[in-house]
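Content type PDB, C-alpha atoms and all ligand atoms, from the file entry_34.pdb:
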ATOM      1  CA  MET A  66       0.000   0.000   0.000
ATOM      2  CA  VAL A  67       1.414   3.375  -0.972
ATOM      3  CA  SER A  68       1.143   6.095   1.630
ATOM      4  CA  ARG A  69       0.297   9.644   0.680
ATOM      5  CA  THR A  70       2.983  12.287   1.227
ATOM      6  CA  PRO A  71       1.184  15.566   1.922
ATOM      7  CA  ALA A  72       3.722  17.830   0.292
ATOM      8  CA  ALA A  73       4.358  15.876  -2.883
ATOM      9  CA  ALA A  74       3.466  17.053  -6.390
ATOM     10  CA  SER A  75       3.800  15.303  -9.754
ATOM     11  CA  VAL A  76       4.606  17.642 -12.640
ATOM     12  CA  ILE A  77       4.502  16.045 -16.084
ATOM     13  CA  LEU A  78       5.723  17.801 -19.237
ATOM     14  CA  ALA A  79       4.928  16.711 -22.791
ATOM     15  CA  HIS A  80       6.890  18.770 -25.286
ATOM     16  CA  PRO A  81       9.815  17.638 -27.438
ATOM     17  CA  TYR A  82      11.718  20.928 -27.766
ATOM     18  CA  GLY A  83      13.860  22.157 -24.885
ATOM     19  CA  GLY A  84      13.590  25.805 -25.996
ATOM     20  CA  SER A  85       9.779  25.797 -26.020
ATOM     21  CA  PHE A  86       7.517  27.953 -23.927
ATOM     22  CA  ASN A  87       6.164  24.742 -22.434
ATOM     23  CA  HIS A  88       9.638  23.959 -21.086
ATOM     24  CA  ALA A  89       9.792  27.425 -19.559
ATOM     25  CA  LEU A  90       6.388  26.828 -17.947
ATOM     26  CA  PHE A  91       7.533  23.455 -16.612
ATOM     27  CA  ALA A  92      10.664  24.985 -15.050
ATOM     28  CA  GLU A  93       8.676  27.843 -13.541
ATOM     29  CA  VAL A  94       6.030  25.550 -12.038
ATOM     30  CA  CYS A  95       8.595  23.122 -10.605
ATOM     31  CA  GLY A  96      10.534  26.051  -9.129
ATOM     32  CA  ALA A  97       7.435  27.562  -7.534
ATOM     33  CA  LEU A  98       6.411  24.256  -5.975
ATOM     34  CA  ARG A  99       9.897  23.556  -4.621
ATOM     35  CA  GLU A 100      10.066  27.064  -3.158
ATOM     36  CA  ALA A 101       6.727  26.399  -1.467
ATOM     37  CA  GLY A 102       8.243  23.319   0.176
ATOM     38  CA  ALA A 103       6.805  20.548  -1.998
ATOM     39  CA  ARG A 104       8.603  17.375  -2.954
ATOM     40  CA  VAL A 105       8.359  17.577  -6.720
ATOM     41  CA  TYR A 106       8.312  14.565  -9.004
ATOM     42  CA  ALA A 107       9.198  16.360 -12.238
ATOM     43  CA  HIS A 108       9.144  14.404 -15.490
ATOM     44  CA  ASP A 109       9.881  15.472 -19.043
ATOM     45  CA  LEU A 110       8.313  12.510 -20.863
ATOM     46  CA  TYR A 111      10.317  12.963 -24.075
ATOM     47  CA  ALA A 112      13.634  13.389 -22.258
ATOM     48  CA  GLU A 113      12.943  10.266 -20.211
ATOM     49  CA  GLY A 114      12.127   8.229 -23.324
ATOM     50  CA  PHE A 115       8.681   7.250 -22.089
ATOM     51  CA  ASP A 116       7.046   4.642 -24.314
ATOM     52  CA  PRO A 117       3.400   5.674 -24.770
ATOM     53  CA  VAL A 118       2.249   2.385 -26.284
ATOM     54  CA  MET A 119      -0.025   0.260 -24.122
ATOM     55  CA  THR A 120       0.881  -3.454 -24.088
ATOM     56  CA  ALA A 121      -1.492  -6.419 -24.324
ATOM     57  CA  GLU A 122      -0.388  -7.554 -20.857
ATOM     58  CA  GLU A 123      -1.182  -4.182 -19.280
ATOM     59  CA  LEU A 124      -4.556  -4.116 -20.958
ATOM     60  CA  GLY A 125      -5.358  -7.342 -19.159
ATOM     61  CA  LYS A 126      -5.058  -7.867 -15.452
ATOM     62  CA  LYS A 127      -1.273  -8.011 -15.265
ATOM     63  CA  PRO A 128       0.529  -5.013 -13.813
ATOM     64  CA  SER A 129       2.989  -3.237 -16.074
ATOM     65  CA  VAL A 130       6.569  -4.475 -16.171
ATOM     66  CA  ASP A 131       7.775  -1.066 -17.402
ATOM     67  CA  PRO A 132       9.667   0.541 -14.496
ATOM     68  CA  LEU A 133       8.726   4.035 -15.712
ATOM     69  CA  VAL A 134       5.021   3.201 -15.665
ATOM     70  CA  LEU A 135       5.326   1.731 -12.189
ATOM     71  CA  SER A 136       7.243   4.677 -10.755
ATOM     72  CA  TYR A 137       4.952   7.270 -12.396
ATOM     73  CA  ALA A 138       1.935   5.416 -10.967
ATOM     74  CA  ARG A 139       3.483   5.279  -7.495
ATOM     75  CA  GLU A 140       4.203   8.996  -7.622
ATOM     76  CA  LEU A 141       0.687   9.713  -8.867
ATOM     77  CA  LEU A 142      -0.677   8.063  -5.734
ATOM     78  CA  GLU A 143       1.828   9.753  -3.439
ATOM     79  CA  SER A 144       1.184  13.223  -4.833
ATOM     80  CA  SER A 145      -1.415  15.612  -3.486
ATOM     81  CA  LEU A 146      -1.112  17.841  -6.537
ATOM     82  CA  LEU A 147      -1.099  16.532 -10.125
ATOM     83  CA  VAL A 148       0.192  19.008 -12.703
ATOM     84  CA  PHE A 149       0.372  18.545 -16.479
ATOM     85  CA  VAL A 150       2.045  20.956 -18.895
ATOM     86  CA  HIS A 151       1.482  20.524 -22.626
ATOM     87  CA  PRO A 152       0.544  22.248 -25.874
ATOM     88  CA  ASN A 153      -2.759  21.818 -27.651
ATOM     89  CA  TRP A 154      -2.038  19.498 -30.560
ATOM     90  CA  TRP A 155      -5.138  18.887 -32.671
ATOM     91  CA  GLY A 156      -7.332  19.576 -29.660
ATOM     92  CA  GLN A 157      -5.518  16.796 -27.781
ATOM     93  CA  PRO A 158      -2.414  16.229 -25.703
ATOM     94  CA  PRO A 159       0.714  15.188 -27.629
ATOM     95  CA  ALA A 160       0.663  11.411 -28.211
ATOM     96  CA  ILE A 161       3.324  10.791 -25.582
ATOM     97  CA  LEU A 162       1.046  12.234 -22.897
ATOM     98  CA  LYS A 163      -1.993  10.382 -24.247
ATOM     99  CA  GLY A 164       0.115   7.255 -23.745
ATOM    100  CA  TYR A 165       0.951   8.327 -20.190
ATOM    101  CA  ILE A 166      -2.783   8.644 -19.480
ATOM    102  CA  ASP A 167      -3.472   5.257 -21.114
ATOM    103  CA  ARG A 168      -0.737   3.447 -19.189
ATOM    104  CA  VAL A 169      -0.502   5.269 -15.850
ATOM    105  CA  PHE A 170      -4.099   6.290 -15.122
ATOM    106  CA  ARG A 171      -4.967   2.597 -14.828
ATOM    107  CA  PRO A 172      -6.720   0.302 -12.411
ATOM    108  CA  PRO A 173      -6.032  -0.255  -9.612
ATOM    109  CA  TYR A 174      -4.041   2.981  -9.185
ATOM    110  CA  ALA A 175      -6.267   5.659 -10.663
ATOM    111  CA  TYR A 176      -9.691   3.989 -10.657
ATOM    112  CA  ASP A 177     -11.117   0.555  -9.990
ATOM    113  CA  PHE A 178     -14.240  -1.547 -10.220
ATOM    114  CA  ASP A 179     -15.926  -3.506  -7.477
ATOM    115  CA  PRO A 180     -15.403  -7.166  -8.511
ATOM    116  CA  GLU A 181     -18.667  -8.061  -6.784
ATOM    117  CA  ARG A 182     -20.576  -5.437  -8.756
ATOM    118  CA  PRO A 183     -18.850  -4.990 -12.138
ATOM    119  CA  GLU A 184     -21.906  -3.223 -13.570
ATOM    120  CA  LYS A 185     -21.478  -0.372 -11.094
ATOM    121  CA  PRO A 186     -19.601   2.843 -11.935
ATOM    122  CA  ALA A 187     -15.870   2.865 -11.474
ATOM    123  CA  VAL A 188     -14.491   4.168  -8.226
ATOM    124  CA  GLY A 189     -12.070   7.062  -8.636
ATOM    125  CA  MET A 190      -8.975   6.333  -6.581
ATOM    126  CA  LEU A 191      -7.469   9.821  -6.799
ATOM    127  CA  SER A 192     -10.110  11.712  -4.844
ATOM    128  CA  GLY A 193      -8.893  14.448  -2.548
ATOM    129  CA  LYS A 194      -6.054  15.385  -4.885
ATOM    130  CA  VAL A 195      -5.902  18.652  -6.812
ATOM    131  CA  GLY A 196      -5.435  18.675 -10.595
ATOM    132  CA  LEU A 197      -3.856  21.491 -12.569
ATOM    133  CA  VAL A 198      -3.261  21.599 -16.328
ATOM    134  CA  PHE A 199      -1.312  24.258 -18.191
ATOM    135  CA  ASN A 200      -2.038  24.395 -21.911
ATOM    136  CA  THR A 201      -0.644  26.545 -24.668
ATOM    137  CA  SER A 202      -2.213  27.070 -28.067
ATOM    138  CA  ASN A 203      -2.295  29.253 -31.160
ATOM    139  CA  THR A 204      -6.067  29.674 -31.438
ATOM    140  CA  GLU A 205      -8.013  32.718 -30.262
ATOM    141  CA  ALA A 206     -10.483  32.043 -27.422
ATOM    142  CA  GLN A 207     -13.556  32.858 -29.522
ATOM    143  CA  ARG A 208     -12.664  30.364 -32.249
ATOM    144  CA  GLU A 209     -11.531  27.699 -29.778
ATOM    145  CA  ASP A 210     -14.723  27.904 -27.723
ATOM    146  CA  GLY A 211     -17.178  28.594 -30.556
ATOM    147  CA  TYR A 212     -15.878  26.326 -33.323
ATOM    148  CA  PHE A 213     -13.540  23.709 -31.840
ATOM    149  CA  ARG A 214     -15.415  23.547 -28.489
ATOM    150  CA  ASP A 215     -12.171  23.256 -26.536
ATOM    151  CA  PRO A 216     -11.984  19.434 -26.353
ATOM    152  CA  LEU A 217      -9.114  19.540 -23.872
ATOM    153  CA  GLU A 218     -11.459  20.997 -21.243
ATOM    154  CA  TRP A 219     -13.646  17.882 -21.293
ATOM    155  CA  GLU A 220     -10.759  15.517 -21.742
ATOM    156  CA  TRP A 221      -9.012  16.700 -18.597
ATOM    157  CA  LEU A 222     -11.758  17.841 -16.269
ATOM    158  CA  ARG A 223     -14.330  15.125 -16.989
ATOM    159  CA  CYS A 224     -12.773  12.178 -18.812
ATOM    160  CA  VAL A 225      -9.516  11.966 -16.847
ATOM    161  CA  PHE A 226      -9.651  13.874 -13.561
ATOM    162  CA  GLY A 227     -13.417  13.582 -13.009
ATOM    163  CA  PHE A 228     -13.446   9.880 -13.812
ATOM    164  CA  CYS A 229     -10.607   9.240 -11.365
ATOM    165  CA  GLY A 230     -12.241  11.237  -8.556
ATOM    166  CA  VAL A 231     -10.267  14.469  -8.860
ATOM    167  CA  ASP A 232     -13.104  16.988  -8.543
ATOM    168  CA  ASN A 233     -10.904  19.928  -7.703
ATOM    169  CA  ALA A 234      -9.166  20.477 -11.027
ATOM    170  CA  ARG A 235      -8.629  23.380 -13.393
ATOM    171  CA  ARG A 236      -6.972  24.282 -16.649
ATOM    172  CA  VAL A 237      -4.966  27.395 -17.308
ATOM    173  CA  LEU A 238      -4.634  28.368 -20.982
ATOM    174  CA  PHE A 239      -1.946  30.570 -22.454
ATOM    175  CA  ARG A 240      -2.694  31.814 -25.962
ATOM    176  CA  VAL A 241      -1.959  32.867 -28.649
ATOM    177  CA  VAL A 242       1.662  31.796 -28.203
ATOM    178  CA  SER A 243       2.658  32.512 -31.824
ATOM    179  CA  LYS A 244       1.590  36.154 -31.474
ATOM    180  CA  SER A 245       2.795  36.698 -27.915
ATOM    181  CA  SER A 246       5.366  39.299 -26.887
ATOM    182  CA  PRO A 247       8.226  38.645 -24.431
ATOM    183  CA  GLU A 248       6.323  40.759 -21.880
ATOM    184  CA  GLU A 249       3.192  38.658 -22.299
ATOM    185  CA  ARG A 250       5.128  35.434 -21.904
ATOM    186  CA  ALA A 251       6.841  36.795 -18.779
ATOM    187  CA  ALA A 252       3.399  37.606 -17.336
ATOM    188  CA  TRP A 253       2.178  34.089 -18.220
ATOM    189  CA  LEU A 254       5.132  32.560 -16.392
ATOM    190  CA  ALA A 255       4.353  34.669 -13.335
ATOM    191  CA  GLU A 256       0.725  33.538 -13.517
ATOM    192  CA  ALA A 257       1.813  29.908 -13.785
ATOM    193  CA  ARG A 258       4.002  30.316 -10.702
ATOM    194  CA  PHE A 259       1.102  31.855  -8.783
ATOM    195  CA  ARG A 260      -1.405  29.180  -9.896
ATOM    196  CA  ALA A 261       0.952  26.352  -8.994
ATOM    197  CA  ALA A 262       1.563  27.703  -5.496
ATOM    198  CA  ALA A 263      -2.156  28.357  -4.955
ATOM    199  CA  SER A 264      -3.063  24.821  -6.083
ATOM    200  CA  LEU A 265      -0.441  23.352  -3.777
ATOM    201  CA  ALA A 266      -1.950  25.283  -0.868
ATOM    202  CA  GLU A 267      -5.387  23.879  -1.803
ATOM    203  CA  ALA A 268      -3.977  20.364  -1.994
ATOM    204  CA  LEU A 269      -2.383  20.661   1.419
ATOM    205  CA  ALA A 270      -5.608  22.026   2.907
ATOM    206  CA  ALA A 271      -7.519  19.112   1.363
ATOM    207  CA  ASP A 272      -4.980  16.677   2.806
ATOM    208  CA  ARG A 273      -5.469  18.125   6.240
ATOM    209  CA  SER A 274      -9.251  18.036   6.090
ATOM    210  CA  THR A 275      -9.705  14.630   4.495
ATOM    211  CA  ALA A 276      -6.727  12.953   6.160
ATOM    212  CA  GLY A 277      -5.874  10.910   3.115
ATOM    213  CA  ALA A 278      -9.353   9.780   2.120
ATOM    214  CA  ALA A 279      -9.206   7.999  -1.200
ATOM    215  CA  ASP A 280     -12.735   7.200  -2.214
ATOM    216  CA  GLY A 281     -15.434   8.674  -4.484
ATOM    217  CA  THR A 282     -17.562   7.404  -7.336
ATOM    218  CA  VAL A 283     -18.051   8.665 -10.809
ATOM    219  CA  GLY A 284     -20.890   7.987 -13.173
ATOM    220  CA  GLY A 285     -20.997   6.258 -16.514
ATOM    221  CA  GLY A 286     -21.887   2.587 -16.086
ATOM    222  CA  ALA A 287     -19.052   0.434 -17.361
ATOM    223  CA  ARG A 288     -17.039   3.579 -17.895
TER
HETATM  224  C1  LIG B 301       1.226  18.762 -34.217
HETATM  225  C2  LIG B 301       0.694  20.112 -33.813
HETATM  226  C3  LIG B 301      -0.667  20.271 -33.707
HETATM  227  C4  LIG B 301      -1.191  21.506 -33.263
HETATM  228  N1  LIG B 301      -2.540  21.634 -33.126
HETATM  229  C5  LIG B 301      -3.029  22.795 -32.632
HETATM  230  C6  LIG B 301      -4.432  22.931 -32.382
HETATM  231  O1  LIG B 301      -5.226  22.029 -32.623
HETATM  232  N2  LIG B 301      -4.883  24.101 -31.879
HETATM  233  C7  LIG B 301      -4.022  25.125 -31.591
HETATM  234  O2  LIG B 301      -4.481  26.155 -31.125
HETATM  235  N3  LIG B 301      -2.699  25.023 -31.797
HETATM  236  C8  LIG B 301      -2.186  23.876 -32.311
HETATM  237  N4  LIG B 301      -0.839  23.754 -32.507
HETATM  238  C9  LIG B 301       0.044  24.862 -32.086
HETATM  239  C10 LIG B 301       0.615  24.613 -30.698
HETATM  240  O3  LIG B 301      -0.416  24.520 -29.747
HETATM  241  C11 LIG B 301       1.584  25.743 -30.330
HETATM  242  O4  LIG B 301       2.651  25.680 -31.239
HETATM  243  C12 LIG B 301       2.107  25.603 -28.947
HETATM  244  O5  LIG B 301       1.065  25.647 -28.003
HETATM  245  C13 LIG B 301       3.078  26.735 -28.637
HETATM  246  O6  LIG B 301       3.801  26.449 -27.466
HETATM  247  P1  LIG B 301       5.351  26.079 -27.552
HETATM  248  O7  LIG B 301       6.071  27.296 -28.055
HETATM  249  O8  LIG B 301       5.755  25.701 -26.173
HETATM  250  O9  LIG B 301       5.462  24.933 -28.540
HETATM  251  C14 LIG B 301      -0.292  22.567 -32.960
HETATM  252  C15 LIG B 301       1.088  22.396 -33.115
HETATM  253  C16 LIG B 301       1.576  21.174 -33.533
HETATM  254  C17 LIG B 301       3.072  21.001 -33.676
END
Any chance you could give the structure as structure tokens?
Ligand SMILES: Cc1cc2nc3c(=O)[nH]c(=O)nc-3n(C[C@H](O)[C@H](O)[C@H](O)COP(=O)(O)O)c2cc1C
Amino acid sequence: MVSRTPAAASVILAHPYGGSFNHALFAEVCGALREAGARVYAHDLYAEGFDPVMTAEELGKKPSVDPLVLSYARELLESSLLVFVHPNWWGQPPAILKGYIDRVFRPPYAYDFDPERPEKPAVGMLSGKVGLVFNTSNTEAQREDGYFRDPLEWEWLRCVFGFCGVDNARRVLFRVVSKSSPEERAAWLAEARFRAAASLAEALAADRSTAGAADGTVGGGAR
């Protein structure tokens, strides 16, 4: 059984280019959390060579034999704050992060079913944690919301965090990166630092009040 460390945070980056704004965001967020006293599990998925492809064994009942999957999953459970930093690519996370979700947000770590009542909704195993997603994009808000319908909002807040019991989650969007000035990007980094520290404070408060509770149900029948 993995115990929860109140001041731990997982920060996951999905961007292949070290000079990207996403890398700057990742560094800023990790720095803010460390300054606030958190133990930070910081992972650059590309730099670590994470394999996003789900295996047949993992899809069944067998636990993963990939040490990266196992350590990411352990850290996910230990962390009070779960942070993801990535660009909007086709209204989705980059494939490497989709693979992280497929392989790490798995039963029994992130959600599970009651073997006695398999028809019942899954139980989210990450309840009580705080979720925070930083996204960058090149689409104006009006077009993203009106035409594309911002699929990442549903993906993160409902399909991933909500399903796994993380009700206290939010996304922070920085756009339009391609048209942004150095001053705007500096302000975005400051906002990211502020949001990370504020979310950590919320996570610690939740830890204190729930004392490590890890239950909660989500709807959706077999899903
Ligand atoms: C494969 C790919 C797909 C993209 N798809 C979208 C998209 O659907 N919507 C959007 O607004 N921007 C899209 N973009 C632009 C990126 O979101 C943008 O380049 C990035 O957020 C800028 O941050 P960065 O400088 O850290 O890369 C895409 C970029 C790439 C490379």
Exactly which residues make up the result of the PyMOL selection byres (((chain A and resi 256-264) around 9) and not hetatm) on this file, given as a list in words?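 Matching residues under the PyMOL selection byres (((chain A and resi 256-264) around 9) and not hetatm) are Leu90, Glu93, Val94, Cys95, Gly96, Ala97, Leu98, Glu100, Ala101, Leu146, Val148, Val195, Gly196, Leu197, Phe199, Ala234, Val237, Ala251, Ala252, Trp253, Leu254, Ala255, Leu265, Ala266, Glu267, Ala268 and Leu269 of chain A.
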Ligand LIG 301 (chain B) neighbours within 12 Å using only C-alpha atoms and all ligand atoms, as a VMD selection string: chain A and resid 78 to 91 150 to 161 199 to 210 212 to 217 238 to 245 250 254
Separation of atom CA of Glu184 of chain A from atom CA of Glu140 of chain A in Å: 29.4 Å
Given the PyMOL selection byres (((chain A and resi 177) around 8) and not hetatm), the residues it picks as number ranges by chain: A: 172-176, 178-179, 187-190
Which distance in Å separates atom CA of Arg236 of chain A and atom CA of Lys163 of chain A, to one decimal?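 Result for atom CA of Arg236 of chain A versus atom CA of Lys163 of chain A: 16.6 Å, one decimal.
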Nearest to Phe149 of chain A by atom-to-atom distance, counting only C-alpha atoms, from A:Phe228, A:Trp219, A:Tyr165, A:Phe115: A:Tyr165
